[in-house]
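Dropping final-v7.txt in here (compact mmCIF, C-alpha atoms):
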```txt
# COMPACT_ATOMS: atom_id res chain seq x y z
CA MET A 1 24.70 -21.08 2.22
CA SER A 2 21.07 -21.12 3.29
CA ARG A 3 18.69 -22.40 0.65
CA HIS A 4 16.86 -19.04 0.72
CA GLU A 5 19.95 -16.83 0.68
CA GLY A 6 19.61 -13.88 -1.69
CA LEU A 7 15.85 -13.41 -1.43
CA PHE A 8 16.16 -9.85 -0.11
CA ARG A 9 14.89 -7.84 -3.08
CA PRO A 10 12.44 -5.10 -2.00
CA TRP A 11 10.09 -3.65 -4.61
CA SER A 12 10.07 0.16 -4.73
CA LEU A 13 6.60 1.54 -4.19
CA ARG A 14 7.60 4.95 -5.52
CA GLU A 15 8.94 3.45 -8.74
CA LEU A 16 5.81 1.32 -9.21
CA VAL A 17 3.48 4.28 -8.66
CA THR A 18 5.43 6.28 -11.24
CA GLU A 19 5.14 3.40 -13.69
CA LEU A 20 1.40 3.10 -13.06
CA THR A 21 0.67 6.81 -13.33
CA THR A 22 2.71 7.16 -16.54
CA ARG A 23 1.08 3.99 -17.94
CA ARG A 24 4.42 2.24 -18.37
CA THR A 25 2.77 -0.62 -16.52
CA THR A 26 -0.78 -1.58 -15.57
CA PRO A 27 -2.56 -2.91 -12.48
CA ASP A 28 -2.83 -6.29 -14.22
CA ALA A 29 0.92 -6.37 -14.85
CA ALA A 30 1.70 -5.32 -11.26
CA ALA A 31 -0.56 -8.05 -9.89
CA ALA A 32 1.03 -10.59 -12.23
CA ARG A 33 4.49 -9.56 -11.08
CA ALA A 34 3.45 -10.06 -7.46
CA ARG A 35 1.97 -13.48 -8.25
CA ARG A 36 5.15 -14.59 -10.06
CA ARG A 37 7.40 -13.48 -7.22
CA ILE A 38 5.21 -15.20 -4.63
CA GLU A 39 5.18 -18.39 -6.68
CA ALA A 40 8.97 -18.28 -7.08
CA THR A 41 9.83 -17.57 -3.45
CA ASP A 42 7.07 -18.43 -1.03
CA GLY A 43 7.76 -22.13 -0.91
CA GLU A 44 10.86 -21.09 1.00
CA LEU A 45 9.72 -17.90 2.73
CA ARG A 46 6.19 -18.99 3.72
CA ALA A 47 4.93 -15.44 4.16
CA TRP A 48 1.38 -16.09 2.89
CA VAL A 49 -1.63 -17.78 4.43
CA VAL A 50 -3.99 -17.46 1.46
CA GLN A 51 -4.20 -15.43 -1.73
CA ALA A 52 -7.33 -13.99 -3.28
CA GLU A 53 -8.39 -15.88 -6.39
CA ALA A 54 -9.97 -12.87 -8.08
CA LEU A 55 -8.79 -9.26 -7.82
CA ASP A 56 -10.68 -6.03 -8.44
CA LEU A 57 -8.24 -4.17 -10.65
CA THR A 58 -10.70 -1.45 -11.67
CA THR A 59 -9.17 0.83 -9.12
CA SER A 60 -8.43 4.54 -8.87
CA GLY A 61 -6.65 6.79 -6.45
CA PRO A 62 -2.99 7.73 -6.06
CA LEU A 63 -1.94 4.10 -5.52
CA GLY A 64 -4.16 2.81 -8.33
CA GLY A 65 -3.15 -0.81 -8.89
CA VAL A 66 -0.50 -1.29 -6.18
CA PRO A 67 -0.56 -4.89 -4.80
CA LEU A 68 -1.17 -4.93 -1.04
CA ALA A 69 -0.65 -7.71 1.54
CA VAL A 70 -2.94 -7.86 4.58
CA LYS A 71 -1.92 -9.31 7.95
CA ASP A 72 -4.14 -12.21 8.93
CA ILE A 73 -5.76 -10.54 11.91
CA ILE A 74 -7.31 -7.94 9.59
CA ASP A 75 -10.55 -8.81 7.79
CA LEU A 76 -10.41 -9.00 4.01
CA ALA A 77 -13.76 -9.72 2.39
CA GLY A 78 -13.97 -13.18 0.91
CA LEU A 79 -11.02 -14.63 2.85
CA PRO A 80 -10.94 -16.12 6.37
CA THR A 81 -9.23 -14.37 9.27
CA ARG A 82 -7.39 -17.20 10.99
CA CYS A 83 -5.12 -15.15 13.31
CA GLY A 84 -2.36 -17.76 13.14
CA SER A 85 -4.27 -19.97 15.57
CA PRO A 86 -5.76 -23.46 15.50
CA LEU A 87 -8.81 -21.95 17.17
CA ARG A 88 -9.55 -20.14 13.90
CA ALA A 89 -8.52 -22.89 11.50
CA ASP A 90 -12.10 -23.25 10.25
CA ALA A 91 -12.99 -19.55 10.27
CA PRO A 92 -15.45 -18.64 7.51
CA PRO A 93 -14.58 -15.97 4.95
CA ALA A 94 -14.99 -12.41 6.19
CA THR A 95 -18.12 -10.78 4.83
CA ALA A 96 -16.63 -7.28 4.74
CA ASP A 97 -13.29 -5.52 4.70
CA ALA A 98 -11.86 -4.04 7.87
CA ALA A 99 -12.12 -0.24 7.98
CA ILE A 100 -8.37 0.11 7.37
CA VAL A 101 -8.56 -2.13 4.29
CA ARG A 102 -11.40 0.03 2.93
CA ALA A 103 -9.22 3.09 3.43
CA TRP A 104 -6.32 1.53 1.51
CA ARG A 105 -8.67 0.42 -1.26
CA ALA A 106 -9.94 3.99 -1.52
CA ALA A 107 -6.34 5.07 -2.04
CA GLY A 108 -6.10 2.62 -4.94
CA ALA A 109 -4.28 -0.33 -3.37
CA VAL A 110 -5.33 -3.84 -4.42
CA PRO A 111 -5.33 -6.41 -1.56
CA ILE A 112 -4.09 -9.72 -2.96
CA GLY A 113 -4.18 -11.94 0.13
CA LYS A 114 -3.42 -12.60 3.78
CA THR A 115 0.03 -12.84 5.36
CA VAL A 116 1.26 -14.87 8.31
CA THR A 117 0.90 -13.56 11.85
CA THR A 118 2.04 -15.02 15.13
CA GLU A 119 -0.86 -16.51 17.09
CA PHE A 120 -3.34 -13.69 17.76
CA ALA A 121 -0.43 -11.28 17.14
CA TYR A 122 1.51 -12.44 20.20
CA PHE A 123 4.87 -14.24 20.47
CA HIS A 124 4.36 -17.79 19.16
CA PRO A 125 6.23 -17.84 15.82
CA GLY A 126 4.62 -18.64 12.51
CA PRO A 127 6.44 -20.45 9.69
CA THR A 128 7.81 -17.35 7.92
CA HIS A 129 11.53 -17.03 7.17
CA ASN A 130 13.60 -13.83 7.01
CA PRO A 131 14.66 -12.98 3.44
CA ALA A 132 17.29 -10.52 4.67
CA ALA A 133 18.84 -12.73 7.36
CA PRO A 134 18.70 -16.43 6.46
CA GLY A 135 18.46 -18.65 9.51
CA HIS A 136 17.24 -15.78 11.69
CA THR A 137 13.73 -14.88 12.81
CA PRO A 138 11.80 -12.33 10.73
CA GLY A 139 10.35 -10.99 13.98
CA GLY A 140 6.69 -10.79 14.81
CA SER A 141 3.90 -10.52 14.99
CA SER A 142 3.66 -9.04 11.47
CA SER A 143 6.20 -11.53 10.17
CA GLY A 144 4.52 -12.40 6.87
CA SER A 145 3.93 -8.79 5.88
CA ALA A 146 7.54 -7.79 6.57
CA ALA A 147 8.94 -10.78 4.67
CA ALA A 148 6.59 -10.19 1.74
CA VAL A 149 7.90 -6.63 1.36
CA ALA A 150 11.56 -7.48 2.00
CA SER A 151 11.48 -10.21 -0.66
CA GLY A 152 9.72 -8.05 -3.25
CA GLN A 153 6.53 -10.11 -3.32
CA VAL A 154 4.58 -6.87 -2.80
CA PRO A 155 5.64 -3.23 -2.39
CA LEU A 156 3.17 -2.54 0.44
CA ALA A 157 1.83 -4.59 3.35
CA LEU A 158 -0.35 -4.03 6.40
CA GLY A 159 0.63 -4.88 9.95
CA SER A 160 -0.43 -4.04 13.47
CA GLN A 161 1.46 -3.27 16.67
CA THR A 162 0.66 -3.79 20.32
CA ALA A 163 4.24 -4.04 21.59
CA GLY A 164 6.81 -4.25 18.78
CA SER A 165 4.96 -6.13 16.06
CA VAL A 166 5.81 -3.69 13.25
CA THR A 167 9.09 -2.07 14.30
CA ARG A 168 10.73 -5.40 15.14
CA PRO A 169 10.04 -7.28 11.87
CA ALA A 170 10.83 -4.18 9.80
CA SER A 171 14.15 -3.85 11.60
CA PHE A 172 15.00 -7.54 11.34
CA CYS A 173 14.04 -7.73 7.65
CA GLY A 174 15.85 -4.54 6.63
CA ILE A 175 12.87 -2.48 5.46
CA ALA A 176 10.89 0.58 6.54
CA ALA A 177 7.59 0.75 8.38
CA LEU A 178 5.18 3.17 9.99
CA VAL A 179 3.29 2.58 13.23
CA MET A 180 0.41 5.04 13.15
CA SER A 181 -0.68 7.18 16.10
CA ARG A 182 -3.08 5.12 18.16
CA GLY A 183 -6.64 5.88 17.08
CA ARG A 184 -5.56 7.55 13.82
CA PHE A 185 -7.76 5.06 11.92
CA PRO A 186 -10.51 2.85 13.35
CA VAL A 187 -9.75 -0.78 14.22
CA THR A 188 -13.15 -2.09 13.13
CA GLY A 189 -12.67 -5.48 11.52
CA VAL A 190 -9.33 -6.16 13.23
CA THR A 191 -8.98 -8.97 15.77
CA GLY A 192 -7.65 -6.86 18.60
CA PHE A 193 -5.42 -7.73 21.51
CA SER A 194 -5.21 -4.71 23.80
CA PRO A 195 -7.56 -1.77 23.09
CA GLY A 196 -5.36 0.69 24.94
CA LEU A 197 -2.27 -0.28 22.94
CA ASP A 198 -3.26 -1.60 19.48
CA SER A 199 -2.16 0.48 16.47
CA HIS A 200 -2.16 0.08 12.70
CA GLY A 201 1.06 -0.30 10.74
CA VAL A 202 2.29 -0.43 7.16
CA PHE A 203 5.51 -1.77 5.59
CA ALA A 204 7.37 -0.65 2.46
CA ALA A 205 10.92 -0.86 1.17
CA THR A 206 12.05 2.61 2.29
CA ALA A 207 10.93 5.53 4.41
CA SER A 208 10.41 7.42 1.15
CA ASP A 209 7.99 4.71 0.04
CA VAL A 210 6.16 4.82 3.36
CA ALA A 211 5.82 8.60 3.05
CA LEU A 212 4.24 8.19 -0.38
CA ALA A 213 1.86 5.54 0.96
CA TRP A 214 0.84 7.73 3.89
CA SER A 215 0.13 10.69 1.62
CA ALA A 216 -1.99 8.47 -0.61
CA LEU A 217 -3.90 7.06 2.36
CA THR A 218 -4.63 10.38 4.07
CA GLY A 219 -4.58 12.94 1.26
CA GLU A 220 -1.96 14.95 3.17
CA PRO A 221 0.78 16.25 0.83
CA GLU A 222 4.23 14.87 1.49
CA ALA A 223 6.44 17.22 3.47
CA ALA A 224 9.84 18.00 1.96
CA PRO A 225 12.78 16.38 3.79
CA ARG A 226 15.05 18.89 5.52
CA PRO A 227 17.64 18.76 8.30
CA PRO A 228 15.53 18.02 11.39
CA ARG A 229 15.84 18.77 15.07
CA LEU A 230 16.24 15.41 16.81
CA LEU A 231 16.55 14.01 20.31
CA LEU A 232 18.97 11.09 20.60
CA TRP A 233 17.65 8.19 22.73
CA SER A 234 20.03 5.32 23.49
CA GLY A 235 17.52 2.78 24.82
CA GLU A 236 20.20 1.57 27.22
CA LYS A 237 18.02 2.07 30.31
CA GLN A 238 15.84 -0.72 28.90
CA ALA A 239 18.13 -3.12 27.06
CA GLU A 240 21.71 -4.02 26.30
CA VAL A 241 22.07 -2.59 22.80
CA ALA A 242 24.41 -4.50 20.48
CA PRO A 243 27.73 -2.68 19.97
CA ALA A 244 27.26 -2.54 16.19
CA LEU A 245 23.90 -0.81 16.62
CA ARG A 246 25.10 1.48 19.40
CA ASP A 247 28.15 2.52 17.36
CA GLY A 248 26.10 2.81 14.18
CA LEU A 249 23.60 5.12 15.87
CA SER A 250 26.44 7.28 17.19
CA ALA A 251 28.02 7.51 13.74
CA VAL A 252 24.68 8.38 12.16
CA ALA A 253 24.14 11.12 14.74
CA ASP A 254 27.56 12.59 13.89
CA ARG A 255 26.78 12.52 10.17
CA MET A 256 23.42 14.14 10.82
CA ARG A 257 25.04 17.00 12.71
CA ALA A 258 27.57 17.42 9.90
CA ALA A 259 24.69 17.55 7.40
CA GLY A 260 22.92 20.35 9.28
CA ALA A 261 20.65 18.61 11.78
CA VAL A 262 20.37 19.42 15.46
CA VAL A 263 20.86 16.26 17.52
CA ASP A 264 20.57 16.70 21.29
CA ALA A 265 20.42 14.16 24.10
CA PHE A 266 16.95 12.93 25.04
CA PRO A 267 16.32 13.82 28.70
CA GLY A 268 13.71 11.14 29.40
CA GLU A 269 15.62 7.84 29.21
CA SER A 270 14.58 6.74 32.70
CA LEU A 271 10.98 7.85 32.28
CA VAL A 272 10.53 5.94 29.02
CA ALA A 273 12.02 2.89 30.74
CA GLN A 274 9.36 3.21 33.45
CA VAL A 275 6.63 3.42 30.84
CA ALA A 276 8.09 0.39 29.08
CA ALA A 277 7.92 -1.55 32.35
CA ALA A 278 4.24 -0.61 32.74
CA HIS A 279 3.39 -1.69 29.20
CA PRO A 280 3.30 -5.51 29.77
CA VAL A 281 0.93 -5.06 32.71
CA VAL A 282 -1.51 -3.09 30.58
CA MET A 283 -1.17 -5.50 27.68
CA ALA A 284 -1.74 -8.69 29.70
CA TYR A 285 -4.69 -7.27 31.63
CA GLU A 286 -6.46 -5.98 28.52
CA ALA A 287 -5.64 -9.04 26.41
CA ALA A 288 -7.19 -11.38 28.98
CA ARG A 289 -10.45 -9.47 28.63
CA GLU A 290 -10.29 -8.78 24.90
CA ARG A 291 -9.51 -12.43 24.18
CA ALA A 292 -11.70 -13.94 26.93
CA ALA A 293 -13.14 -16.54 24.55
CA GLU A 294 -9.64 -17.76 23.75
CA LEU A 295 -8.68 -17.74 27.43
CA ALA A 296 -11.52 -20.19 28.03
CA GLN A 297 -9.73 -22.55 25.60
CA ALA A 298 -6.21 -21.82 26.80
CA ASP A 299 -5.22 -25.49 26.66
CA ARG A 300 -5.45 -25.22 22.85
CA LEU A 301 -3.28 -22.10 22.63
CA SER A 302 0.49 -21.79 22.32
CA SER A 303 2.30 -21.67 25.65
CA PRO A 304 3.35 -17.98 25.38
CA LEU A 305 -0.19 -16.80 24.62
CA ALA A 306 -1.85 -19.03 27.23
CA THR A 307 0.60 -17.80 29.85
CA LEU A 308 -0.01 -14.15 28.98
CA LEU A 309 -3.79 -14.48 29.11
CA ARG A 310 -3.69 -16.31 32.42
CA THR A 311 -1.32 -13.70 33.82
CA GLY A 312 -3.61 -10.92 32.67
CA ALA A 313 -6.67 -12.60 34.16
CA ALA A 314 -4.88 -12.83 37.51
CA THR A 315 -3.65 -9.21 37.44
CA PRO A 316 -5.47 -7.12 40.08
CA ASP A 317 -7.41 -4.09 38.89
CA ALA A 318 -5.23 -1.93 41.12
CA ASP A 319 -2.04 -3.07 39.33
CA TYR A 320 -3.58 -2.29 35.96
CA GLU A 321 -4.71 1.16 37.08
CA ALA A 322 -1.27 1.86 38.55
CA ALA A 323 0.38 0.94 35.25
CA ARG A 324 -2.02 3.17 33.35
CA LEU A 325 -1.19 6.04 35.69
CA VAL A 326 2.53 5.61 34.99
CA VAL A 327 1.83 6.00 31.27
CA ALA A 328 -0.54 8.94 31.73
CA ALA A 329 1.89 10.76 34.02
CA ALA A 330 4.68 10.46 31.47
CA GLU A 331 2.69 11.83 28.54
CA SER A 332 2.92 15.51 29.48
CA ASP A 333 6.68 15.29 30.08
CA VAL A 334 7.29 13.64 26.72
CA VAL A 335 5.13 16.25 24.97
CA ALA A 336 7.10 19.03 26.66
CA TRP A 337 10.50 17.51 25.83
CA THR A 338 9.63 16.99 22.17
CA ALA A 339 7.78 20.26 21.55
CA GLU A 340 10.73 21.92 19.84
CA TYR A 341 11.98 18.81 18.03
CA ASP A 342 10.84 16.86 14.99
CA ALA A 343 11.47 13.39 16.39
CA VAL A 344 13.27 11.18 18.86
CA ILE A 345 15.76 8.83 17.19
CA GLY A 346 17.09 5.61 18.68
CA PRO A 347 17.51 1.87 18.15
CA ALA A 348 14.41 -0.05 17.00
CA THR A 349 15.55 -3.30 18.61
CA PRO A 350 18.42 -4.31 20.89
CA GLY A 351 20.28 -5.74 17.91
CA PRO A 352 19.88 -7.79 14.72
CA ALA A 353 17.42 -10.65 14.34
CA PRO A 354 18.26 -13.48 16.74
CA GLU A 355 19.36 -16.72 15.15
CA GLY A 356 16.77 -19.49 14.80
CA MET A 357 13.02 -19.64 14.35
CA ALA A 358 11.89 -20.56 17.85
CA ALA A 359 11.24 -16.97 19.00
CA THR A 360 10.53 -13.58 17.42
CA GLY A 361 12.89 -11.32 19.37
CA ASP A 362 12.43 -8.82 22.17
CA PRO A 363 10.06 -5.83 21.73
CA VAL A 364 11.45 -4.02 24.77
CA LEU A 365 12.60 -0.92 22.84
CA SER A 366 9.14 -0.43 21.37
CA ARG A 367 7.11 -0.89 24.54
CA GLY A 368 7.46 2.61 26.00
CA TRP A 369 6.64 4.45 22.77
CA GLN A 370 3.76 2.09 22.03
CA ALA A 371 2.26 2.67 25.47
CA LEU A 372 2.37 6.41 24.74
CA GLY A 373 0.51 5.86 21.44
CA LEU A 374 3.00 7.85 19.35
CA PRO A 375 3.76 7.33 15.66
CA VAL A 376 7.01 5.56 14.84
CA VAL A 377 8.94 5.11 11.59
CA THR A 378 11.54 2.37 11.27
CA VAL A 379 14.46 3.43 9.06
CA PRO A 380 16.59 0.75 7.36
CA GLY A 381 20.13 0.92 6.04
CA LEU A 382 22.47 -0.05 8.87
CA ARG A 383 24.04 -3.53 8.90
CA ASP A 384 26.31 -5.27 11.39
CA GLU A 385 29.64 -6.91 10.60
CA ARG A 386 27.83 -10.08 9.44
CA GLY A 387 25.57 -8.11 7.10
CA LEU A 388 22.49 -8.49 9.28
CA PRO A 389 20.02 -5.56 9.18
CA LEU A 390 19.91 -3.10 12.06
CA GLY A 391 16.93 -0.78 12.35
CA LEU A 392 16.62 2.73 13.74
CA GLN A 393 13.30 4.18 14.87
CA LEU A 394 12.11 7.77 14.78
CA VAL A 395 9.31 8.65 17.18
CA GLY A 396 7.09 11.63 16.40
CA ARG A 397 4.35 13.67 17.97
CA ASP A 398 0.79 12.38 18.21
CA ARG A 399 -0.95 12.74 14.81
CA GLY A 400 2.33 14.05 13.39
CA GLU A 401 2.98 11.30 10.85
CA THR A 402 3.57 13.59 7.87
CA ALA A 403 6.26 15.63 9.60
CA LEU A 404 7.77 12.49 11.12
CA LEU A 405 8.03 10.84 7.71
CA ALA A 406 9.83 13.88 6.30
CA ALA A 407 12.39 13.58 9.10
CA ALA A 408 12.66 9.84 8.50
CA ARG A 409 13.28 10.33 4.78
CA TRP A 410 16.07 12.77 5.56
CA ALA A 411 17.52 10.39 8.15
CA GLU A 412 17.35 7.52 5.68
CA ASP A 413 19.38 9.52 3.18
CA VAL A 414 22.01 10.11 5.86
CA VAL A 415 22.11 6.44 6.86
CA CYS A 416 22.48 5.44 3.22
CA GLY A 417 25.15 8.06 2.61
CA THR A 418 23.28 10.19 0.10
CA THR A 419 23.09 13.44 2.10
CA ALA A 420 25.91 15.94 1.68
CA VAL A 421 27.81 17.43 4.60
CA VAL A 422 27.03 21.09 5.24
CA THR A 423 30.00 23.41 4.78
CA ARG A 424 30.09 26.36 7.09
```

Hey, can you dump this file as structure tokens for me?
Amino acid sequence: MSRHEGLFRPWSLRELVTELTTRRTTPDAAAARARRRIEATDGELRAWVVQAEALDLTTSGPLGGVPLAVKDIIDLAGLPTRCGSPLRADAPPATADAAIVRAWRAAGAVPIGKTVTTEFAYFHPGPTHNPAAPGHTPGGSSSGSAAAVASGQVPLALGSQTAGSVTRPASFCGIAALVMSRGRFPVTGVTGFSPGLDSHGVFAATASDVALAWSALTGEPEAAPRPPRLLLWSGEKQAEVAPALRDGLSAVADRMRAAGAVVDAFPGESLVAQVAAAHPVVMAYEAARERAAELAQADRLSSPLATLLRTGAATPDADYEAARLVVAAAESDVVAWTAEYDAVIGPATPGPAPEGMAATGDPVLSRGWQALGLPVVTVPGLRDERGLPLGLQLVGRDRGETALLAAARWAEDVVCGTTAVVTR
């Protein structure tokens, strides 16, 4: 047995918010619980870079007092932003919060520290372990945030996604996450990677918890879950999907139909695969320019990041523009195909977390949707024959997070077996 077996113990955001609003607990007690859990588990999990010494617990808002973890590419006033890189080892404390941190504070969340990221949110792994799959990668780049939620150190954590940096760790760690529509919130105060691809993300134990968090952040009322209209996307034009995940998705689709949902085949498998192939070209080209200062010190970077930046610097403008055109040309077709549906549902990753800590897994099944800038919710609940988490993703319409989260909550109930079959 691994020495950190049994650390998968997510903390329900919805239950904590109920306890806070009914005064059965307090912000001080919630922060103390987070501190105790971190102290008890992080020597093994290594999800945290640094914790804040003092917390402002005089908070209001719908999340008033909820402990929040912040990925270490996102500025948090008073703490350094080291980006998982030796180039930032001596970074001074940030003088102000990132815009997204200010928005979460306004909703009542209490940031308690910074979580591990891969180097500049690319592929080089950090030290974080997977509490849901001992001996397997937690994914990346938002590895620390996903592990902190999956282990119950915090009920809410911030991430970011340029390729699959939220959907992949959520899937591998057996929790839920939301990738926001690109541009939904400003990225001021975030160390970016690819301006045309970067998006904010947030992790919580369940899709229900993520829906509550989103409502608190935006002020939009939660939409009631109901049987949705879905398009079923296999992802098999892009990757070899593990049999357990392929069969699990098929079984979930059957249960959804039996519970009253419409589940039709997605007609754009090949087109999304083309967009996914264009994504790395856009990412490398933009990253080489966004991270030009780091490119100038490439000999001090991890091999994956140095290679990417050098590749991007050598990419002709014409290749970048061609890749952008592929994405732009696909957007209208995807909008048309999804106009009468609530979401596209498919695998979040090709399979469970790969064994070992030397890599973070393949983001291939996120690339196409990320290039299109659409919101995505990762839904947990499936497991393979070894008990390893398998994630599904639901892709929504641009700026359609509230409706997407309602569909994801309903889907989560089906995956977990709590939705009744419709009798006709």

Closest-contact table, region 107-181 of chain A side, partner region 386-396 of chain A, 10 Å, counting all atoms listed in the file, as JSON lines:
```
{"residue": "A:Ala132", "atom": "CA", "partner": "A:Pro389", "partner_atom": "CA", "distance": 7.2}
{"residue": "A:Ala133", "atom": "CA", "partner": "A:Leu388", "partner_atom": "CA", "distance": 5.9}
{"residue": "A:Pro134", "atom": "CA", "partner": "A:Leu388", "partner_atom": "CA", "distance": 9.2}
{"residue": "A:His136", "atom": "CA", "partner": "A:Leu388", "partner_atom": "CA", "distance": 9.3}
{"residue": "A:Thr167", "atom": "CA", "partner": "A:Gln393", "partner_atom": "CA", "distance": 7.6}
{"residue": "A:Arg168", "atom": "CA", "partner": "A:Gly391", "partner_atom": "CA", "distance": 8.2}
{"residue": "A:Pro169", "atom": "CA", "partner": "A:Gly391", "partner_atom": "CA", "distance": 9.5}
{"residue": "A:Ala170", "atom": "CA", "partner": "A:Gly391", "partner_atom": "CA", "distance": 7.4}
{"residue": "A:Ser171", "atom": "CA", "partner": "A:Gly391", "partner_atom": "CA", "distance": 4.2}
{"residue": "A:Phe172", "atom": "CA", "partner": "A:Pro389", "partner_atom": "CA", "distance": 5.8}
{"residue": "A:Cys173", "atom": "CA", "partner": "A:Pro389", "partner_atom": "CA", "distance": 6.5}
{"residue": "A:Gly174", "atom": "CA", "partner": "A:Pro389", "partner_atom": "CA", "distance": 5.0}
{"residue": "A:Ile175", "atom": "CA", "partner": "A:Gly391", "partner_atom": "CA", "distance": 8.2}
{"residue": "A:Ala176", "atom": "CA", "partner": "A:Gly391", "partner_atom": "CA", "distance": 8.5}
{"residue": "A:Ala177", "atom": "CA", "partner": "A:Gln393", "partner_atom": "CA", "distance": 9.3}
{"residue": "A:Leu178", "atom": "CA", "partner": "A:Gln393", "partner_atom": "CA", "distance": 9.5}
{"residue": "A:Val179", "atom": "CA", "partner": "A:Val395", "partner_atom": "CA", "distance": 9.4}
{"residue": "A:Met180", "atom": "CA", "partner": "A:Gly396", "partner_atom": "CA", "distance": 9.9}
{"residue": "A:Ser181", "atom": "CA", "partner": "A:Gly396", "partner_atom": "CA", "distance": 9.0}
```

Please produce an output containing C-alpha atoms for each residue in the selection, written as an mmCIF file, keeping the file's coordinate frame.
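Below is the file that was written, result-v9.cif:
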```
data_model
loop_
_atom_site.group_PDB
_atom_site.id
_atom_site.type_symbol
_atom_site.label_atom_id
_atom_site.label_comp_id
_atom_site.auth_asym_id
_atom_site.auth_seq_id
_atom_site.Cartn_x
_atom_site.Cartn_y
_atom_site.Cartn_z
ATOM 1 C CA ALA A 132 17.290 -10.520 4.670
ATOM 2 C CA ALA A 133 18.840 -12.730 7.360
ATOM 3 C CA PRO A 134 18.700 -16.430 6.460
ATOM 4 C CA HIS A 136 17.240 -15.780 11.690
ATOM 5 C CA THR A 167 9.090 -2.070 14.300
ATOM 6 C CA ARG A 168 10.730 -5.400 15.140
ATOM 7 C CA PRO A 169 10.040 -7.280 11.870
ATOM 8 C CA ALA A 170 10.830 -4.180 9.800
ATOM 9 C CA SER A 171 14.150 -3.850 11.600
ATOM 10 C CA PHE A 172 15.000 -7.540 11.340
ATOM 11 C CA CYS A 173 14.040 -7.730 7.650
ATOM 12 C CA GLY A 174 15.850 -4.540 6.630
ATOM 13 C CA ILE A 175 12.870 -2.480 5.460
ATOM 14 C CA ALA A 176 10.890 0.580 6.540
ATOM 15 C CA ALA A 177 7.590 0.750 8.380
ATOM 16 C CA LEU A 178 5.180 3.170 9.990
ATOM 17 C CA VAL A 179 3.290 2.580 13.230
ATOM 18 C CA MET A 180 0.410 5.040 13.150
ATOM 19 C CA SER A 181 -0.680 7.180 16.100
#
```

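Among the candidate residues A:Glu39, A:Glu269, A:Glu53, A:Glu119, the one lying nearest to Val334 (chain A) is A:Glu269, with distances computed using all atoms listed in the file.
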
Considering all atoms listed in the file, give me a table of residues in region 183-276 of chain A that are at most 10 Å from region 372-380 of chain A, with the closest atom pair and distance in Å for each, as a Markdown table.
```
| residue | atom | partner | partner_atom | distance |
| --- | --- | --- | --- | --- |
| A:Gly183 | CA | A:Gly373 | CA | 8.4 |
| A:Arg184 | CA | A:Pro375 | CA | 9.5 |
| A:Gly196 | CA | A:Gly373 | CA | 8.6 |
| A:Leu197 | CA | A:Gly373 | CA | 6.9 |
| A:Asp198 | CA | A:Gly373 | CA | 8.6 |
| A:Ser199 | CA | A:Gly373 | CA | 7.8 |
| A:His200 | CA | A:Pro375 | CA | 9.8 |
| A:Gly201 | CA | A:Val376 | CA | 9.3 |
| A:Val202 | CA | A:Val377 | CA | 9.7 |
| A:Phe203 | CA | A:Thr378 | CA | 9.3 |
| A:Ala205 | CA | A:Pro380 | CA | 8.5 |
| A:Thr206 | CA | A:Pro380 | CA | 7.1 |
| A:Ala207 | CA | A:Val379 | CA | 6.2 |
| A:Ser208 | CA | A:Val379 | CA | 9.7 |
| A:Val210 | CA | A:Val377 | CA | 8.7 |
| A:Ala211 | CA | A:Val377 | CA | 9.7 |
| A:Val272 | CA | A:Leu372 | CA | 9.2 |
| A:Val275 | CA | A:Leu372 | CA | 8.0 |
| A:Ala276 | CA | A:Leu372 | CA | 9.4 |
```

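Across A:Ala121, A:Ala54, A:Ala224, A:Ala313, the tightest approach to Thr360 (chain A) is made by A:Ala121 when counting only C-alpha atoms.
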
Counting all atoms listed in the file, the residue of A:Arg35, A:Arg102, A:His124, A:Arg367 that sits nearest Pro280 (chain A):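 Among A:Arg35, A:Arg102, A:His124, A:Arg367, it is A:Arg367 that comes nearest to Pro280 (chain A).
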
Interatomic distance (Å, one decimal) between CA of Thr402 (chain A) and CA of Ala265 (chain A):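 Answer for the CA of Thr402 (chain A) to CA of Ala265 (chain A) separation: 23.4 Å.
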
Coordinates-based distance that separates CA of Lys114 (chain A) from CA of Ala147 (chain A) (Å, one decimal):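 Those two atoms sit 12.5 Å apart.
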
Contact residues around Gly108 (chain A) with all atoms listed in the file at 7 Å, ignoring same-chain residues under 6 positions, as a ChimeraX atom specification: /A:59-66

Which residues come within 9 Å of Ala277 (chain A), counting only C-alpha atoms, excluding same-chain residues fewer than 6 positions away, as a JSON list (two decimals) with C-alpha atoms, in the frame of the given file?
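Listed below is the output, selection.json:
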```
[["chain", "number", "residue", "atom", "x", "y", "z"],
["A", 238, "GLN", "CA", 15.84, -0.72, 28.90],
["A", 323, "ALA", "CA", 0.38, 0.94, 35.25],
["A", 364, "VAL", "CA", 11.45, -4.02, 24.77],
["A", 367, "ARG", "CA", 7.11, -0.89, 24.54],
["A", 368, "GLY", "CA", 7.46, 2.61, 26.00]]
```

Å distance separating CA of Asp317 (chain A) from CA of Val190 (chain A), one decimal place: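 Separating CA of Asp317 (chain A) from CA of Val190 (chain A) is a distance of 25.8 Å.
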
Distance criterion (only C-alpha atoms): nearest to Met357 (chain A) out of A:Gly78, A:Ala89, A:Ala47, A:Gly135: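 When distances to Met357 (chain A) are compared using only C-alpha atoms, the smallest one comes from A:Gly135.
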
Top pick for closest residue to Lys237 (chain A), considering A:Gly268, A:Val116, A:Thr26, A:Leu212 and counting all atoms listed in the file: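 Smallest distance to Lys237 (chain A) is found for A:Gly268.
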